[in-house]
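Below is the file data-v9.tsv, which contains TSV, C-alpha atoms and all ligand atoms.
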```
chain	number	residue	atom	x	y	z
G	1	MET	CA	96.03	46.16	42.76
G	2	GLU	CA	95.28	47.02	46.34
G	3	LYS	CA	91.91	45.84	47.57
G	4	LEU	CA	89.06	48.35	47.78
G	5	ILE	CA	87.23	47.80	51.02
G	6	LEU	CA	84.16	49.22	52.74
G	7	ALA	CA	84.74	48.84	56.49
G	8	ILE	CA	82.28	49.14	59.37
G	9	ASP	CA	82.93	49.40	63.13
G	10	THR	CA	80.25	49.68	65.83
G	11	SER	CA	82.21	48.09	68.67
G	12	CYS	CA	81.58	50.76	71.30
G	13	ASP	CA	80.36	54.35	71.19
G	14	GLU	CA	81.30	55.40	67.67
G	15	THR	CA	79.37	54.49	64.54
G	16	ALA	CA	82.08	54.34	61.91
G	17	ALA	CA	82.42	53.45	58.23
G	18	ALA	CA	85.34	53.96	55.85
G	19	VAL	CA	86.44	53.14	52.35
G	20	VAL	CA	90.11	52.21	51.96
G	21	GLN	CA	92.28	51.09	49.08
G	22	GLY	CA	94.94	48.93	50.69
G	23	ARG	CA	96.33	51.24	53.40
G	24	LYS	CA	95.06	54.45	51.80
G	25	VAL	CA	91.94	55.99	53.26
G	26	ARG	CA	89.52	57.29	50.63
G	27	SER	CA	86.91	58.26	53.23
G	28	SER	CA	86.35	57.86	56.96
G	29	VAL	CA	83.07	58.84	58.59
G	30	ILE	CA	82.55	58.73	62.34
G	31	TYR	CA	79.44	59.54	64.31
G	32	SER	CA	80.52	59.79	67.93
G	33	GLN	CA	78.08	59.20	70.78
G	34	ILE	CA	80.39	60.56	73.48
G	35	LEU	CA	78.05	63.44	74.34
G	36	MET	CA	75.13	61.02	74.78
G	37	HIS	CA	77.02	58.89	77.30
G	38	LYS	CA	78.80	61.70	79.08
G	39	GLU	CA	76.04	62.39	81.60
G	40	TRP	CA	75.98	58.72	82.62
G	41	GLY	CA	79.72	58.62	83.36
G	42	GLY	CA	80.36	55.80	80.88
G	43	VAL	CA	78.99	54.02	77.84
G	44	VAL	CA	75.38	52.83	78.26
G	45	PRO	CA	74.90	49.74	76.00
G	46	SER	CA	71.19	50.26	75.23
G	47	ILE	CA	71.77	53.90	74.24
G	48	ALA	CA	74.75	52.84	72.11
G	49	LYS	CA	72.72	50.19	70.28
G	50	ARG	CA	69.88	52.57	69.45
G	51	ALA	CA	72.25	55.31	68.30
G	52	HIS	CA	74.15	52.86	66.05
G	53	GLU	CA	70.89	51.69	64.51
G	54	GLU	CA	69.72	55.23	63.86
G	55	ARG	CA	72.94	56.34	62.18
G	56	ILE	CA	74.60	53.40	60.51
G	57	ASP	CA	72.88	53.66	57.12
G	58	TRP	CA	73.74	57.33	56.88
G	59	VAL	CA	77.35	56.75	57.97
G	60	ILE	CA	77.85	54.01	55.34
G	61	GLN	CA	76.26	56.11	52.58
G	62	GLU	CA	78.45	59.09	53.48
G	63	ALA	CA	81.60	56.95	53.43
G	64	MET	CA	80.72	55.62	49.95
G	65	LYS	CA	79.77	59.08	48.70
G	66	LYS	CA	82.92	60.79	50.01
G	67	ALA	CA	85.11	58.07	48.52
G	68	VAL	CA	83.28	58.45	45.20
G	69	VAL	CA	82.89	54.69	45.00
G	70	GLN	CA	80.07	52.60	43.54
G	71	HIS	CA	79.33	49.34	45.33
G	72	ASP	CA	80.20	47.24	42.28
G	73	GLN	CA	83.80	48.52	42.50
G	74	LEU	CA	84.32	47.14	46.03
G	75	ASP	CA	86.46	44.03	46.49
G	76	ALA	CA	85.07	43.19	49.95
G	77	ILE	CA	83.26	44.43	53.04
G	78	ALA	CA	85.08	44.32	56.38
G	79	VAL	CA	83.41	44.48	59.77
G	80	THR	CA	84.51	44.43	63.40
G	81	TYR	CA	83.19	41.33	65.20
G	82	GLY	CA	84.84	41.90	68.59
G	83	PRO	CA	85.93	42.78	71.18
G	84	GLY	CA	83.30	45.27	72.26
G	85	LEU	CA	79.72	45.63	73.40
G	86	ALA	CA	77.66	42.69	72.15
G	87	ILE	CA	74.53	44.64	71.22
G	88	ALA	CA	76.59	47.36	69.57
G	89	LEU	CA	78.73	44.92	67.53
G	90	GLU	CA	75.56	43.18	66.31
G	91	VAL	CA	74.36	46.31	64.53
G	92	GLY	CA	77.51	46.61	62.40
G	93	ILE	CA	77.64	42.89	61.67
G	94	ARG	CA	74.00	42.75	60.57
G	95	HIS	CA	74.45	45.65	58.16
G	96	ALA	CA	77.73	44.27	56.79
G	97	VAL	CA	76.18	40.83	56.18
G	98	GLU	CA	73.15	42.36	54.47
G	99	LEU	CA	75.27	44.50	52.17
G	100	ALA	CA	77.66	41.64	51.36
G	101	GLN	CA	74.68	39.50	50.34
G	102	LYS	CA	72.88	42.25	48.47
G	103	TRP	CA	75.97	43.35	46.54
G	104	GLY	CA	77.46	39.86	46.19
G	105	LYS	CA	80.75	40.78	47.91
G	106	PRO	CA	83.06	38.73	50.13
G	107	LEU	CA	82.86	39.52	53.84
G	108	VAL	CA	85.94	39.85	56.07
G	109	SER	CA	85.79	39.84	59.88
G	110	VAL	CA	88.26	42.01	61.80
G	111	ASN	CA	89.32	42.17	65.44
G	112	HIS	CA	89.00	45.75	66.75
G	113	MET	CA	92.35	45.52	68.58
G	114	GLU	CA	93.99	44.25	65.42
G	115	GLY	CA	92.77	47.49	63.87
G	116	HIS	CA	94.44	49.51	66.66
G	117	LEU	CA	97.67	47.57	66.16
G	118	TYR	CA	97.67	48.39	62.44
G	119	SER	CA	96.53	51.99	62.99
G	120	PRO	CA	100.09	53.47	62.79
G	121	PHE	CA	100.17	52.21	59.18
G	122	VAL	CA	96.91	53.83	58.08
G	123	GLN	CA	97.70	56.29	55.29
G	124	ASN	CA	95.88	59.31	53.90
G	125	SER	CA	94.72	59.27	50.28
G	126	LYS	CA	98.17	60.48	49.14
G	127	GLY	CA	99.97	57.60	50.83
G	128	ASN	CA	101.31	59.35	53.93
G	129	PRO	CA	102.93	58.32	56.18
G	130	SER	CA	105.03	56.35	53.75
G	131	ARG	CA	106.45	54.00	56.41
G	132	THR	CA	106.82	50.40	55.34
G	133	PHE	CA	106.29	47.30	57.43
G	134	ASP	CA	109.47	46.17	59.14
G	135	PHE	CA	108.49	43.21	61.34
G	136	PRO	CA	108.76	42.24	64.15
G	137	TYR	CA	107.30	44.99	66.33
G	138	LEU	CA	106.44	45.25	69.96
G	139	GLY	CA	102.93	46.65	70.15
G	140	LEU	CA	101.39	48.47	73.10
G	141	LEU	CA	97.61	48.57	72.95
G	142	ILE	CA	96.31	51.03	75.48
G	143	SER	CA	92.64	51.97	75.55
G	144	GLY	CA	89.55	52.06	77.72
G	145	GLY	CA	89.12	48.30	77.46
G	146	HIS	CA	92.65	47.00	76.92
G	147	THR	CA	96.22	47.23	78.09
G	148	GLU	CA	98.28	44.68	76.21
G	149	LEU	CA	101.84	44.14	75.11
G	150	VAL	CA	101.81	42.28	71.84
G	151	LEU	CA	104.53	40.63	69.83
G	152	PHE	CA	103.54	41.54	66.28
G	153	LYS	CA	105.56	38.97	64.37
G	154	ASP	CA	104.33	39.46	60.85
G	155	HIS	CA	101.10	40.36	59.09
G	156	LEU	CA	98.18	38.99	61.13
G	157	GLN	CA	100.51	37.09	63.47
G	158	TYR	CA	100.30	38.07	67.11
G	159	GLU	CA	101.42	36.80	70.46
G	160	ILE	CA	100.21	38.40	73.70
G	161	LEU	CA	103.18	38.98	76.00
G	162	GLY	CA	101.31	40.70	78.82
G	163	GLU	CA	97.93	42.18	79.64
G	164	THR	CA	96.01	43.72	82.47
G	165	VAL	CA	94.68	41.40	85.11
G	166	ASP	CA	91.95	43.86	86.12
G	167	ASP	CA	91.26	47.42	84.88
G	168	ALA	CA	92.64	48.73	81.61
G	169	ALA	CA	94.87	51.83	81.75
G	170	GLY	CA	92.21	54.04	80.12
G	171	GLU	CA	89.57	52.66	82.47
G	172	ALA	CA	91.81	53.52	85.44
G	173	LEU	CA	92.22	57.09	84.13
G	174	ASP	CA	88.45	57.34	83.61
G	175	LYS	CA	87.73	56.10	87.15
G	176	ALA	CA	90.31	58.42	88.70
G	177	ALA	CA	88.79	61.38	86.85
G	178	ARG	CA	85.36	60.43	88.17
G	179	MET	CA	86.77	60.25	91.71
G	180	LEU	CA	88.08	63.78	91.23
G	181	GLY	CA	84.63	64.92	90.10
G	182	PHE	CA	84.95	64.84	86.28
G	183	GLY	CA	82.90	63.11	83.59
G	184	TYR	CA	83.67	60.56	80.88
G	185	PRO	CA	86.13	60.23	79.19
G	186	GLY	CA	88.57	61.01	82.00
G	187	GLY	CA	91.89	60.56	80.18
G	188	PRO	CA	91.85	63.93	78.40
G	189	VAL	CA	90.81	65.74	81.61
G	190	LEU	CA	93.70	64.27	83.60
G	191	GLU	CA	96.09	65.12	80.77
G	192	ARG	CA	95.01	68.77	80.79
G	193	LEU	CA	95.28	69.04	84.59
G	194	ALA	CA	98.70	67.35	84.63
G	195	VAL	CA	100.07	69.81	82.07
G	196	THR	CA	99.21	72.71	84.40
G	197	VAL	CA	101.68	71.31	86.99
G	198	ASP	CA	104.30	70.12	84.44
G	199	ASN	CA	103.40	66.46	85.00
G	200	THR	CA	104.77	66.59	88.55
G	201	ASP	CA	104.69	63.33	90.46
G	202	LYS	CA	104.00	64.85	93.88
G	203	TYR	CA	102.19	61.93	95.48
G	204	VAL	CA	104.18	59.01	93.98
G	205	PHE	CA	101.30	56.52	93.94
G	206	PRO	CA	102.27	52.81	93.86
G	207	ARG	CA	103.62	51.37	90.59
G	208	PRO	CA	101.49	48.22	90.39
G	209	MET	CA	102.98	44.83	89.38
G	210	MET	CA	106.41	46.33	88.91
G	211	LYS	CA	108.02	43.40	90.69
G	212	SER	CA	105.66	40.72	89.40
G	213	GLY	CA	108.35	39.29	87.13
G	214	ASP	CA	105.94	39.01	84.21
G	215	LEU	CA	104.64	41.50	81.66
G	216	ASN	CA	101.13	41.84	83.09
G	217	PHE	CA	99.53	44.99	84.43
G	218	SER	CA	97.13	45.74	87.26
G	219	PHE	CA	95.54	49.12	87.89
G	220	SER	CA	92.75	48.52	90.38
G	221	GLY	CA	94.98	48.93	93.46
G	222	LEU	CA	96.19	52.25	92.17
G	223	LYS	CA	92.61	53.47	92.06
G	224	THR	CA	92.22	52.51	95.73
G	225	ALA	CA	95.40	54.41	96.61
G	226	LEU	CA	93.91	57.55	95.05
G	227	LEU	CA	90.60	56.99	96.84
G	228	TYR	CA	92.33	56.80	100.25
G	229	LYS	CA	94.38	59.88	99.54
G	230	VAL	CA	91.32	61.89	98.45
G	231	ARG	CA	89.21	60.69	101.39
G	232	LYS	CA	91.71	62.14	103.85
G	233	MET	CA	91.46	65.56	102.25
G	234	SER	CA	88.96	68.31	102.96
G	235	ASP	CA	87.05	69.58	99.93
G	236	GLU	CA	89.14	72.72	99.93
G	237	GLU	CA	92.40	70.80	100.06
G	238	LYS	CA	91.20	68.49	97.29
G	239	GLN	CA	90.43	71.45	95.05
G	240	GLN	CA	93.84	72.95	95.73
G	241	GLU	CA	95.61	69.68	95.01
G	242	ILE	CA	93.49	68.44	92.13
G	243	ALA	CA	96.06	68.99	89.37
G	244	TYR	CA	98.78	67.30	91.45
G	245	LEU	CA	96.49	64.35	92.20
G	246	ALA	CA	95.61	64.00	88.52
G	247	SER	CA	99.22	64.32	87.44
G	248	SER	CA	100.55	61.84	90.03
G	249	PHE	CA	97.89	59.30	89.10
G	250	GLN	CA	98.61	59.62	85.39
G	251	GLU	CA	102.33	59.34	86.12
G	252	ALA	CA	101.85	56.11	88.09
G	253	VAL	CA	99.89	54.58	85.18
G	254	PHE	CA	102.31	55.72	82.48
G	255	LYS	CA	105.53	54.89	84.36
G	256	THR	CA	104.20	51.37	84.92
G	257	VAL	CA	103.35	51.04	81.24
G	258	VAL	CA	106.75	52.35	80.16
G	259	LYS	CA	108.65	50.07	82.56
G	260	LYS	CA	106.78	46.98	81.43
G	261	THR	CA	107.30	47.92	77.79
G	262	GLU	CA	111.02	48.29	78.51
G	263	LYS	CA	111.07	44.87	80.17
G	264	ALA	CA	109.42	43.41	77.07
G	265	MET	CA	112.00	45.15	74.84
G	266	VAL	CA	114.85	43.68	76.85
G	267	GLU	CA	113.30	40.20	76.92
G	268	THR	CA	112.46	40.06	73.22
G	269	GLY	CA	115.32	42.17	71.87
G	270	ILE	CA	112.75	44.06	69.77
G	271	HIS	CA	113.21	47.81	69.93
G	272	HIS	CA	110.71	48.99	67.35
G	273	LEU	CA	107.43	49.95	68.98
G	274	LEU	CA	103.87	50.52	67.85
G	275	VAL	CA	101.37	52.23	70.12
G	276	GLY	CA	97.63	52.18	69.50
G	277	GLY	CA	94.35	52.76	71.34
G	278	GLY	CA	92.64	55.85	72.76
G	279	VAL	CA	95.20	56.56	75.52
G	280	ALA	CA	97.96	56.85	72.89
G	281	VAL	CA	96.54	60.31	72.11
G	282	ASN	CA	98.22	61.52	75.31
G	283	LYS	CA	101.18	63.76	74.49
G	284	HIS	CA	103.01	63.01	77.70
G	285	LEU	CA	102.77	59.26	77.10
G	286	ARG	CA	104.01	59.80	73.56
G	287	THR	CA	107.04	61.71	74.85
G	288	MET	CA	107.79	58.95	77.36
G	289	MET	CA	107.48	56.22	74.72
G	290	ARG	CA	109.69	58.12	72.28
G	291	ALA	CA	112.36	58.51	74.97
G	292	LEU	CA	112.14	54.79	75.75
G	293	ALA	CA	112.58	53.77	72.12
G	294	LYS	CA	115.50	56.17	71.72
G	295	LYS	CA	117.20	54.82	74.84
G	296	HIS	CA	117.26	51.37	73.22
G	297	GLY	CA	118.17	52.56	69.73
G	298	GLY	CA	114.69	51.90	68.34
G	299	TYR	CA	111.76	53.99	67.17
G	300	VAL	CA	108.07	54.22	67.91
G	301	HIS	CA	105.20	54.62	65.46
G	302	PHE	CA	101.92	56.20	66.55
G	303	PRO	CA	98.80	56.51	64.45
G	304	ALA	CA	98.06	59.88	62.87
G	305	LEU	CA	95.89	61.73	65.39
G	306	LYS	CA	93.08	61.81	62.87
G	307	TYR	CA	92.74	58.04	63.20
G	308	LEU	CA	93.27	57.95	66.92
G	309	ASN	CA	91.10	60.56	68.60
G	310	TYR	CA	88.09	58.36	68.02
G	311	ASP	CA	87.56	54.74	67.17
G	312	ASN	CA	87.38	54.59	63.41
G	313	ALA	CA	86.69	52.16	60.60
G	314	ALA	CA	89.73	53.15	58.50
G	315	MET	CA	92.01	50.97	60.64
G	316	ILE	CA	89.48	48.12	60.29
G	317	GLY	CA	89.54	48.59	56.52
G	318	VAL	CA	93.35	48.38	56.40
G	319	VAL	CA	93.27	45.03	58.19
G	320	GLY	CA	90.33	44.01	55.98
G	321	ALA	CA	92.40	44.73	52.86
G	322	ILE	CA	95.26	42.54	54.10
G	323	ARG	CA	92.88	39.73	55.03
G	324	ALA	CA	91.05	39.98	51.69
G	325	GLU	CA	94.40	39.89	49.87
G	326	LYS	CA	95.18	36.62	51.62
G	327	GLY	CA	91.73	35.23	50.83
G	328	LEU	CA	90.72	35.19	54.50
G	329	CYS	CA	87.02	35.80	53.91
G	330	ILE	CA	83.99	34.42	55.75
G	331	GLU	CA	82.59	31.42	53.91
G	332	ASN	CA	79.15	31.38	55.49
G	333	THR	CA	78.22	35.00	56.14
G	334	GLU	CA	75.03	34.00	58.00
G	335	LYS	CA	77.20	32.41	60.66
G	336	LEU	CA	79.27	35.50	61.49
G	337	ASP	CA	78.57	36.32	65.11
G	338	ARG	CA	79.93	38.93	67.51
G	339	VAL	CA	82.56	37.87	70.05
G	340	PRO	CA	82.48	40.51	72.80
G	341	ARG	CA	85.62	39.20	74.51
G	342	LEU	CA	87.51	38.32	71.35
G	343	SER	CA	91.25	37.95	71.94
G	344	LEU	CA	93.93	39.03	69.50
G	345	LEU	CA	95.21	35.45	69.57
G	346	GLN	CA	91.97	34.18	68.06
G	347	SER	CA	92.56	36.48	65.10
G	348	SER	CA	96.18	35.39	64.63
G	349	ILE	CA	96.89	33.21	61.61
G	401	LIG	O1	90.40	53.30	71.94
G	401	LIG	P1	89.32	54.07	72.64
G	401	LIG	O2	88.72	55.27	71.95
G	401	LIG	O3	88.14	53.14	73.01
G	401	LIG	C1	88.32	51.85	73.47
G	401	LIG	O4	88.41	50.96	72.59
G	401	LIG	O5	88.44	51.72	74.71
G	401	LIG	O6	89.93	54.52	74.07
G	401	LIG	C2	89.18	55.26	75.00
G	401	LIG	C3	90.05	55.54	76.21
G	401	LIG	C4	89.30	56.16	77.38
G	401	LIG	O7	89.64	55.45	78.55
G	401	LIG	C5	89.83	57.59	77.41
G	401	LIG	O8	89.83	58.17	78.72
G	401	LIG	C6	91.23	57.41	76.90
G	401	LIG	O9	91.10	56.45	75.86
G	401	LIG	N1	91.79	58.66	76.38
G	401	LIG	C7	92.89	59.28	76.89
G	401	LIG	C8	93.06	60.47	76.16
G	401	LIG	N2	92.06	60.54	75.23
G	401	LIG	C9	91.29	59.43	75.37
G	401	LIG	N3	93.72	58.91	77.88
G	401	LIG	C10	94.73	59.74	78.17
G	401	LIG	N4	94.95	60.92	77.54
G	401	LIG	C11	94.14	61.32	76.53
G	401	LIG	N5	94.37	62.47	75.90
G	402	ZN	ZN	89.16	51.24	70.29
```
Please render this file's structure as structure tokens.
Amino acid sequence: MEKLILAIDTSCDETAAAVVQGRKVRSSVIYSQILMHKEWGGVVPSIAKRAHEERIDWVIQEAMKKAVVQHDQLDAIAVTYGPGLAIALEVGIRHAVELAQKWGKPLVSVNHMEGHLYSPFVQNSKGNPSRTFDFPYLGLLISGGHTELVLFKDHLQYEILGETVDDAAGEALDKAARMLGFGYPGGPVLERLAVTVDNTDKYVFPRPMMKSGDLNFSFSGLKTALLYKVRKMSDEEKQQEIAYLASSFQEAVFKTVVKKTEKAMVETGIHHLLVGGGVAVNKHLRTMMRALAKKHGGYVHFPALKYLNYDNAAMIGVVGAIRAEKGLCIENTEKLDRVPRLSLLQSSI
């Protein structure tokens, strides 16, 4: 019988809880703080902590209620312990530990990025999508905090092939949007602007690290290229060109990501791709990744948009169920601590 898990994630600016049975989501409740952070141009840790504390009990109760589950039915409780904001992670961990002790349930710790990697396999309550695991995969994790190419060898077995040496792709999109006068999060704004000019690459910004020979990324130089271009423009010119600037910047980020993914496909011989993380919402990136997979005779799995638009606990629950199945539970729950810079490798078995 598939494990019944209550999962909690408070890694950044969403307070999330979910109940899953194996890969099937019985409930997923998310309380987003995006509007609270918007005016500050990014996530403010102290505001995030307070908001998590105010909402977490309600979010957990709702998840249990919607799933129509009593706590004695649960097999385990899963919680994200990193990477993320330390004071935000602590809130979820503290509640998970308390509930595990109170209800006498095993506790499972999950890496947030591991959740994103598994997110294409999250199913609705009816079991869709019905895709099965067919390892190995090449995973692209692309979010506000991460840009990583991962060799996903088997369940819970990861190898990092490449990662960003400075800004993450989503962070670069957010910073570019801010430079163009928009708020957080910037990715969706750039996407909308780029669509209005058919994703034209008018300015052909540099493709960073293309010749580096490895599978790493770097996006901070690209940001500087945009800054110089914008500085030379009058306000009027900038307004006229804004969609082209947004589109060219997005294109430089995505073309770099696609090229590096292709290099990884050639080097590993793995043509089946998984894409996870907030930036994977982008339709243009999805089209590019689908074309790349097709070119090499492979396919690409994305998460259902429902489990992608926001960080969620359903993906954490799915990993939690697999870990619980393998008996990978925390022995001394009191000792579970947050690891803000937790690497996927540390979670590999
Ligand atoms: O995974 P996520 O919700 O949080 C992190 O763990 O970072 O990702 C957030 C990132 C932000 O940088 C945001 O600008 C980006 O995902 N993002 C997008 C889109 N929607 C969100 N980037 C490009 N196009 C989008 N439609
Ligand atoms: Zn995330």
If we count all atoms listed in the file and set the cut-off at 10 Å, which residues sit around stretch 104-109 of chain G, ignoring sequence neighbours fewer than 6 positions away in its own chain? Please answer as a JSON list (two decimals) with C-alpha atoms, in the frame of the given file.
```
[["chain", "number", "residue", "atom", "x", "y", "z"],
["G", 5, "ILE", "CA", 87.23, 47.80, 51.02],
["G", 6, "LEU", "CA", 84.16, 49.22, 52.74],
["G", 7, "ALA", "CA", 84.74, 48.84, 56.49],
["G", 8, "ILE", "CA", 82.28, 49.14, 59.37],
["G", 71, "HIS", "CA", 79.33, 49.34, 45.33],
["G", 72, "ASP", "CA", 80.20, 47.24, 42.28],
["G", 73, "GLN", "CA", 83.80, 48.52, 42.50],
["G", 74, "LEU", "CA", 84.32, 47.14, 46.03],
["G", 75, "ASP", "CA", 86.46, 44.03, 46.49],
["G", 76, "ALA", "CA", 85.07, 43.19, 49.95],
["G", 77, "ILE", "CA", 83.26, 44.43, 53.04],
["G", 78, "ALA", "CA", 85.08, 44.32, 56.38],
["G", 79, "VAL", "CA", 83.41, 44.48, 59.77],
["G", 80, "THR", "CA", 84.51, 44.43, 63.40],
["G", 81, "TYR", "CA", 83.19, 41.33, 65.20],
["G", 82, "GLY", "CA", 84.84, 41.90, 68.59],
["G", 93, "ILE", "CA", 77.64, 42.89, 61.67],
["G", 96, "ALA", "CA", 77.73, 44.27, 56.79],
["G", 97, "VAL", "CA", 76.18, 40.83, 56.18],
["G", 98, "GLU", "CA", 73.15, 42.36, 54.47],
["G", 316, "ILE", "CA", 89.48, 48.12, 60.29],
["G", 317, "GLY", "CA", 89.54, 48.59, 56.52],
["G", 319, "VAL", "CA", 93.27, 45.03, 58.19],
["G", 320, "GLY", "CA", 90.33, 44.01, 55.98],
["G", 321, "ALA", "CA", 92.40, 44.73, 52.86],
["G", 322, "ILE", "CA", 95.26, 42.54, 54.10],
["G", 323, "ARG", "CA", 92.88, 39.73, 55.03],
["G", 324, "ALA", "CA", 91.05, 39.98, 51.69],
["G", 327, "GLY", "CA", 91.73, 35.23, 50.83],
["G", 328, "LEU", "CA", 90.72, 35.19, 54.50],
["G", 329, "CYS", "CA", 87.02, 35.80, 53.91],
["G", 330, "ILE", "CA", 83.99, 34.42, 55.75],
["G", 331, "GLU", "CA", 82.59, 31.42, 53.91],
["G", 332, "ASN", "CA", 79.15, 31.38, 55.49],
["G", 333, "THR", "CA", 78.22, 35.00, 56.14],
["G", 336, "LEU", "CA", 79.27, 35.50, 61.49],
["G", 337, "ASP", "CA", 78.57, 36.32, 65.11],
["G", 338, "ARG", "CA", 79.93, 38.93, 67.51],
["G", 347, "SER", "CA", 92.56, 36.48, 65.10]]
```
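Taking only C-alpha atoms into account, G:Ala86 lies nearest to G:Leu342 out of the set G:Ile349, G:Leu342, G:Val20, G:Val122.
Comparing G:Lys229, G:Lys153, G:Lys65, G:Arg286 by their smallest distance to ligand LIG 401 (chain G), the closest is G:Arg286 (using only C-alpha atoms and all ligand atoms).
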* Asked: With distances taken over all atoms listed in the file, which of G:Gly115, G:Gly187, G:Gly84, G:Gly92 is nearest to G:Pro45?
  -> G:Gly84
Might I get the box with edges along x, y and z of the file that holds all atoms of stretch 42-49 of chain G listed there, padded by 4 Å on every side, given as centre and edge lengths in Å to one decimal, as JSON?
```
{"center_x": 75.8, "center_y": 52.8, "center_z": 75.6, "size_x": 17.2, "size_y": 14.1, "size_z": 18.6}
```
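Ranking G:His284, G:Lys335, G:Lys306, G:Lys24 by their shortest atom-to-atom distance to G:Pro188, with all atoms listed in the file included, puts G:His284 first.
Selecting all polymer residues at most 9 Å from ligand ZN 402 (chain G), using only C-alpha atoms and all ligand atoms, gives Ser11, Cys12, Gly84, His112, Met113, Gly115, His116, Ile142, Ser143, Gly144, Gly145, His146, Gly276, Gly277, Gly278, Leu308, Tyr310, Asp311 and Asn312 of chain G.
Nearest residue to G:Gln33, choosing from G:Ala194, G:Gly170, G:Ile270, G:Tyr184 and counting only C-alpha atoms: G:Tyr184.
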* Leaving out G:Asp167 and any residue of its chain fewer than 5 positions from it, which residues lie within 10 Å of it when counting all atoms listed in the file, given as an MDAnalysis selection string? -> chainID G and resid 144:147 172:173 175 217:221 223
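The coordinates place atom CA of G:Ala18 at 15.9 Å from atom CA of G:Lys126.
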* Asked: For G:Arg23, which residue among G:Thr200, G:Thr132, G:Ser343, G:Thr268 is the nearest when counting all atoms listed in the file?
  -> G:Thr132
Missing atoms in stretch 188-192 of chain G: can you complete it with all heavy atoms, as a JSON list (two decimals), keeping the file's coordinate frame?
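Saved as out29.json:
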```json
[["chain", "number", "residue", "atom", "x", "y", "z"],
["G", 188, "PRO", "N", 91.49, 62.58, 78.86],
["G", 188, "PRO", "CA", 91.85, 63.93, 78.40],
["G", 188, "PRO", "C", 91.82, 64.97, 79.52],
["G", 188, "PRO", "O", 92.62, 65.90, 79.53],
["G", 188, "PRO", "CB", 90.77, 64.25, 77.36],
["G", 188, "PRO", "CG", 90.19, 62.94, 76.96],
["G", 188, "PRO", "CD", 90.36, 62.02, 78.11],
["G", 189, "VAL", "N", 90.91, 64.79, 80.50],
["G", 189, "VAL", "CA", 90.81, 65.74, 81.61],
["G", 189, "VAL", "C", 92.08, 65.66, 82.46],
["G", 189, "VAL", "O", 92.68, 66.68, 82.81],
["G", 189, "VAL", "CB", 89.58, 65.42, 82.51],
["G", 189, "VAL", "CG1", 89.48, 66.43, 83.65],
["G", 189, "VAL", "CG2", 88.31, 65.38, 81.69],
["G", 190, "LEU", "N", 92.49, 64.43, 82.79],
["G", 190, "LEU", "CA", 93.70, 64.27, 83.60],
["G", 190, "LEU", "C", 94.91, 64.84, 82.85],
["G", 190, "LEU", "O", 95.78, 65.47, 83.46],
["G", 190, "LEU", "CB", 93.96, 62.79, 83.93],
["G", 190, "LEU", "CG", 92.91, 62.06, 84.79],
["G", 190, "LEU", "CD1", 93.48, 60.73, 85.29],
["G", 190, "LEU", "CD2", 92.46, 62.88, 85.99],
["G", 191, "GLU", "N", 94.96, 64.60, 81.55],
["G", 191, "GLU", "CA", 96.09, 65.12, 80.77],
["G", 191, "GLU", "C", 96.18, 66.64, 80.88],
["G", 191, "GLU", "O", 97.24, 67.20, 81.15],
["G", 191, "GLU", "CB", 95.97, 64.71, 79.29],
["G", 191, "GLU", "CG", 97.09, 65.33, 78.46],
["G", 191, "GLU", "CD", 97.14, 64.87, 77.01],
["G", 191, "GLU", "OE1", 96.09, 64.56, 76.44],
["G", 191, "GLU", "OE2", 98.26, 64.86, 76.44],
["G", 192, "ARG", "N", 95.01, 67.30, 80.72],
["G", 192, "ARG", "CA", 95.01, 68.77, 80.79],
["G", 192, "ARG", "C", 95.42, 69.27, 82.17],
["G", 192, "ARG", "O", 96.19, 70.21, 82.30],
["G", 192, "ARG", "CB", 93.62, 69.32, 80.43],
["G", 192, "ARG", "CG", 93.35, 69.34, 78.93],
["G", 192, "ARG", "CD", 92.18, 70.26, 78.61],
["G", 192, "ARG", "NE", 90.92, 69.75, 79.13],
["G", 192, "ARG", "CZ", 90.15, 68.85, 78.51],
["G", 192, "ARG", "NH1", 90.52, 68.35, 77.35],
["G", 192, "ARG", "NH2", 89.02, 68.44, 79.03]]
```
